[in-house]
Amino acid sequence: LETDGELIAASCADPRAFAAVFDRHYDAIAAFLRRRLERALADELASETFLQAFDARARYDGARADARPWLYGIAANLLRGHRRSEERRLRAYARAAVPAGEAGAFDGVEARLDAAASGRALATALASLGPGERDALLLHAWADLTYEQIAEALGIPVGTVRSRLHRARGIVRELLAASGQAVGEPTIAGSLTPAREENR
Amino acid sequence: MTSELDQLRAFRAAAALPDAEARATARATLLEAIVAAEPADAQSAVDAPPAAAERVAPAGRAGRRTAARRPRRLLAGAGALALAAVAAIAVALGSGLGGGDVQPQPATAAQLLREAADGAAAQPYVPLRAGQYWYTKTVGEQHFSTARADGRGPYPGITLPVTTEEWAPASGWGRTRWSNGAKGRFPSARAERDWLASGRRWAGEVGDLRVAPQRQPGESLDDFGQLSPSALRALPTDPQRLYELIAAASRRIADGGGAGTGATATLSWDRALGLLGQGQAPTPPALRAATYRVLARIPGVELRGRSTDALGRPGSVVSRTQRGIRTELLIDPATGTLLEQRQILTRDQFLLTERFRPIPETRLPAGWRTRTTYVASGIVDSLSARP
């Protein structure tokens with residue numbers, strides 16, 4: 001089986017090889033974006049992620065076997081242009097748990113969870129994070145990237161990833177605890193800060 | 001007891017469910033970009049010519065685009081079915097007549113197109129009134145090819161002389177009449193054998209059909225060259241606004257709002273060309289002028305010098321090469337009239353399988369040409385009258 005790196009390298013001479021990269025990773029990228037933005041915008045950015053990746057394929061280091069950090073990095077970069085939209089949605093969740101018109105997307109366990117206090121607390125926490133912290137946390141929790149892969153995706157040192165995740169997880173724990181949700185790890189005191197200027 | 005990460009993993013998980021339609025749209029969008037990026041002169045490169053579009057068109061918005069390329073859709077009735085299947089995949093490639101006569105020109109393609117815009121703007125406009133018909137006649141050489149219904153060979157392909165007349169109504173029923181030449185051209189001896197084995201009857205075929213009202217022209221810019229009179233009148237005649245409309249519609253399909261793939265320019269060119277043909281109603285001169293100015297802004301358009309069409313009418317040629325097909329427009333700049341459109345393959349083309357594998361016996365060699373010559377157009381009062 002070819003690695004992503006081999007496929008992308010091959011696509012420089014034979015662009016069609018790139019379709020396999022899409023087939024491998026589209027669902028994951030689209031899911032990540034859909035959890036963060038409204039559906040139509042998320043789908044548009046997912047499509048755009050692969051177009052930008054395709055355009056940039058010549059600059060990809062074929063020795064990097066797993067293309068996910070690269071693709072998530074492009075997606076995160078696109079998300080940056082829609083930060084306000086993401087935060088507006090999160091604040092809406094925080095207030096009402098389910099924004100108007102989205103109820104249909106919630107079923108079963110997730111619906112109950114999202115509708116619960118923990119959903120509101122999580123939304124509040126995510127909205128209060130700086131964009132860099134939110135990116136790092138969600139790439140970790142939703143995209144299952146390692147610290148090293150997050151560093152690669154966001155173009156920052158691993159140490160920075162570590163400190164961002166530490167702070168972000170602390171804020172989430174604080175708010176969950178404050179909302180009465182039991183959290184299985186010790187709470188880190190003093191890490192909760194109000195929303196920063198750049199979030200507005 | 002769950003960790004905050006576990007709770008976070010469950011948060012908004014329902015939104016992450018895959019959506020086949022969005023996926024298909026995104027995939028089709030990417031494939032457009034991939035096809036647009038194929039090296040134009042690669043020896044082994046294969047591509048889906050319009051003839052193959054029916055087979056390879058991916059689902060979603062790009063699929064609609066290829067469907068809209070059908071050269072004719074004004075067909076109705078049971079007798080039309082066989083031809084409709086053929087027409088849907090006919091490629092208007094261009095013949096060699098007059099094509100090689102290229103002289104140096106004291107102008108750029110953009111200059112020539114702006115001249116044509118001025119010429120078009122000066123023409124009178126007579127709109128279609130109730131009860132009238134827009135008559136158009138073309139002659140040309142078209143390539144027909146298809147796969148058998150079961151997807152197996154042989155894949156009959158033939159390039160035939162075709163004469164088409166259409167009576168597009170202001171409303172109600174219309175008419176289309178065509179006659180295919182008895183003798184066609186084949187890209188290879190193998191193609192000719194496959195053709196005979198297929199039992200197809202396209203050569204020498206003559207048809208004359210009433211066109212049902214429900215098959216009438218569309219309202220969307222995606223219906224290249226098939227816009228209804230009201231849709232034509234609704235388009236902006238300000239070149240900048242028309243350009244933005246065309247570019248936005250193309251971007252939507254080509255790359256979801258991104259830039260730099262080249263697919264947007266290609267689709268914009270296709271759309272603008274749709275407005276330049278004889279269409280389904282008289283094109284307002286101001287719109288035709290604006291269309292030429294839009295073409296002048298699309299990158300990659302080349303001036304190829306003077307030439308004459310199949311009827312001997314002189315004009316100047318501009319061209320654009322996309323996806324291994326060079327489209328040449330022979331224009332009379334003095335009146336802004338499109339006299340002839342030719343298509344020349346710049347590399348071998350094949351029908352492709354779903355997995356992009358070329359089907360060898362469907363090969364059309366580089367240099368293969370087809371053409372459409374716009375012979376006449378005018379307003380008439382009945383389905384039997386000619387201007």
# chains A, B, ... in the order shown; residues from 1 in each chain; ligands from 1

$ residues_around --residues "Arg293 of chain B" --least-positions-apart "5" --cutoff "9 Å" --atoms "only C-alpha atoms" --output "list in words"
Ala110, Leu113, Arg114, Ala116, Ala117, Pro239, Gln240, Tyr243 and Arg288 of chain B

$ select_by_dssp --residues "segment 21-149 of chain A" --states "alpha helix (DSSP H)" --output "JSON, numbers by chain"
{"A": [21, 22, 23, 24, 25, 26, 27, 28, 29, 30, 31, 32, 33, 34, 35, 36, 39, 40, 41, 42, 43, 44, 45, 46, 47, 48, 49, 50, 51, 52, 53, 54, 55, 68, 69, 70, 71, 72, 73, 74, 75, 76, 77, 78, 79, 80, 83, 84, 85, 86, 87, 88, 89, 90, 91, 92, 93, 94, 95, 96, 108, 109, 110, 111, 112, 113, 114, 115, 117, 118, 119, 120, 121, 122, 123, 124, 125, 126, 127, 128, 131, 132, 133, 134, 135, 136, 137, 138, 139, 140, 141, 147, 148, 149]}

$ closest_residue --among "A:Glu6, A:Asp66, A:Asp61, A:Asp14" --to "chain B" --atoms "only C-alpha atoms"
A:Asp14

$ atom_distance --atom1 "atom CA of Val126 of chain B" --atom2 "atom CA of Leu227 of chain B"
16.9 Å

$ atom_distance --atom1 "atom CA of Gly157 of chain B" --atom2 "atom CA of Ala310 of chain B"
23.2 Å

$ atom_distance --atom1 "atom CA of Trp134 of chain B" --atom2 "atom CA of Leu329 of chain B"
22.4 Å

$ closest_residue --among "B:Gly367, B:Ala248, B:Gly315, B:Arg27" --to "Val21 of chain A" --atoms "only C-alpha atoms"
B:Arg27

$ residues_around --residues "segment 136-144 of chain A" --least-positions-apart "3" --cutoff "6 Å" --atoms "only C-alpha atoms" --output "PyMOL selection string"
(chain A and resi 133+165) or (chain B and resi 9)

$ residues_around --residues "Arg57 of chain A" --least-positions-apart "2" --cutoff "8 Å" --atoms "only C-alpha atoms" --output "VMD selection string"
chain A and resid 8 to 9 11 to 12 53 to 55 59 to 60

$ write_last_selection --atoms "N, CA, C and O atoms" --output "compact mmCIF listing (two decimals), in the first residue's frame"
# COMPACT_ATOMS: atom_id res chain seq x y z
N ILE A 8 1.18 11.63 -2.92
CA ILE A 8 1.28 13.07 -3.21
C ILE A 8 2.47 13.34 -4.12
O ILE A 8 2.38 14.13 -5.06
N ALA A 9 3.57 12.64 -3.87
CA ALA A 9 4.73 12.80 -4.74
C ALA A 9 4.38 12.38 -6.17
O ALA A 9 4.71 13.04 -7.15
N SER A 11 1.53 12.46 -7.51
CA SER A 11 0.52 13.36 -8.11
C SER A 11 1.15 14.58 -8.77
O SER A 11 0.49 15.28 -9.51
N CYS A 12 2.43 14.83 -8.49
CA CYS A 12 3.08 15.96 -9.16
C CYS A 12 3.21 15.67 -10.65
O CYS A 12 3.03 16.56 -11.49
N ALA A 53 -4.71 21.88 -0.97
CA ALA A 53 -3.69 20.83 -0.84
C ALA A 53 -3.20 20.40 -2.22
O ALA A 53 -2.01 20.24 -2.45
N PHE A 54 -4.17 20.25 -3.13
CA PHE A 54 -3.79 19.84 -4.49
C PHE A 54 -2.86 20.86 -5.12
O PHE A 54 -1.84 20.51 -5.71
N ASP A 55 -3.22 22.14 -4.97
CA ASP A 55 -2.37 23.20 -5.53
C ASP A 55 -0.98 23.21 -4.91
O ASP A 55 -0.01 23.60 -5.54
N ARG A 59 4.91 21.11 -2.93
CA ARG A 59 5.72 21.53 -1.78
C ARG A 59 5.66 20.53 -0.64
O ARG A 59 6.25 20.73 0.40
N TYR A 60 4.91 19.44 -0.82
CA TYR A 60 4.79 18.45 0.25
C TYR A 60 6.01 17.55 0.26
O TYR A 60 6.48 17.10 -0.79

$ residues_around --residues "Gly207 of chain B" --least-positions-apart "6" --cutoff "7 Å" --atoms "only C-alpha atoms" --output "number ranges by chain"
B: 177-179

$ select_by_dssp --residues "segment 271-378 of chain B" --states "strand (DSSP E or B)" --output "VMD selection string"
chain B and resid 302 to 308 314 to 322 325 to 332 337 to 345 349 352 358 364 369 to 378

$ residues_around --residues "Arg129 of chain B" --least-positions-apart "4" --cutoff "10 Å" --atoms "only C-alpha atoms" --output "JSON, numbers by chain"
{"B": [133, 134, 169, 170, 171, 379, 381]}

$ residues_around --residues "Ala16 of chain B" --least-positions-apart "5" --cutoff "10 Å" --atoms "only C-alpha atoms" --output "PyMOL selection string"
chain A and resi 27-36+39+105+142
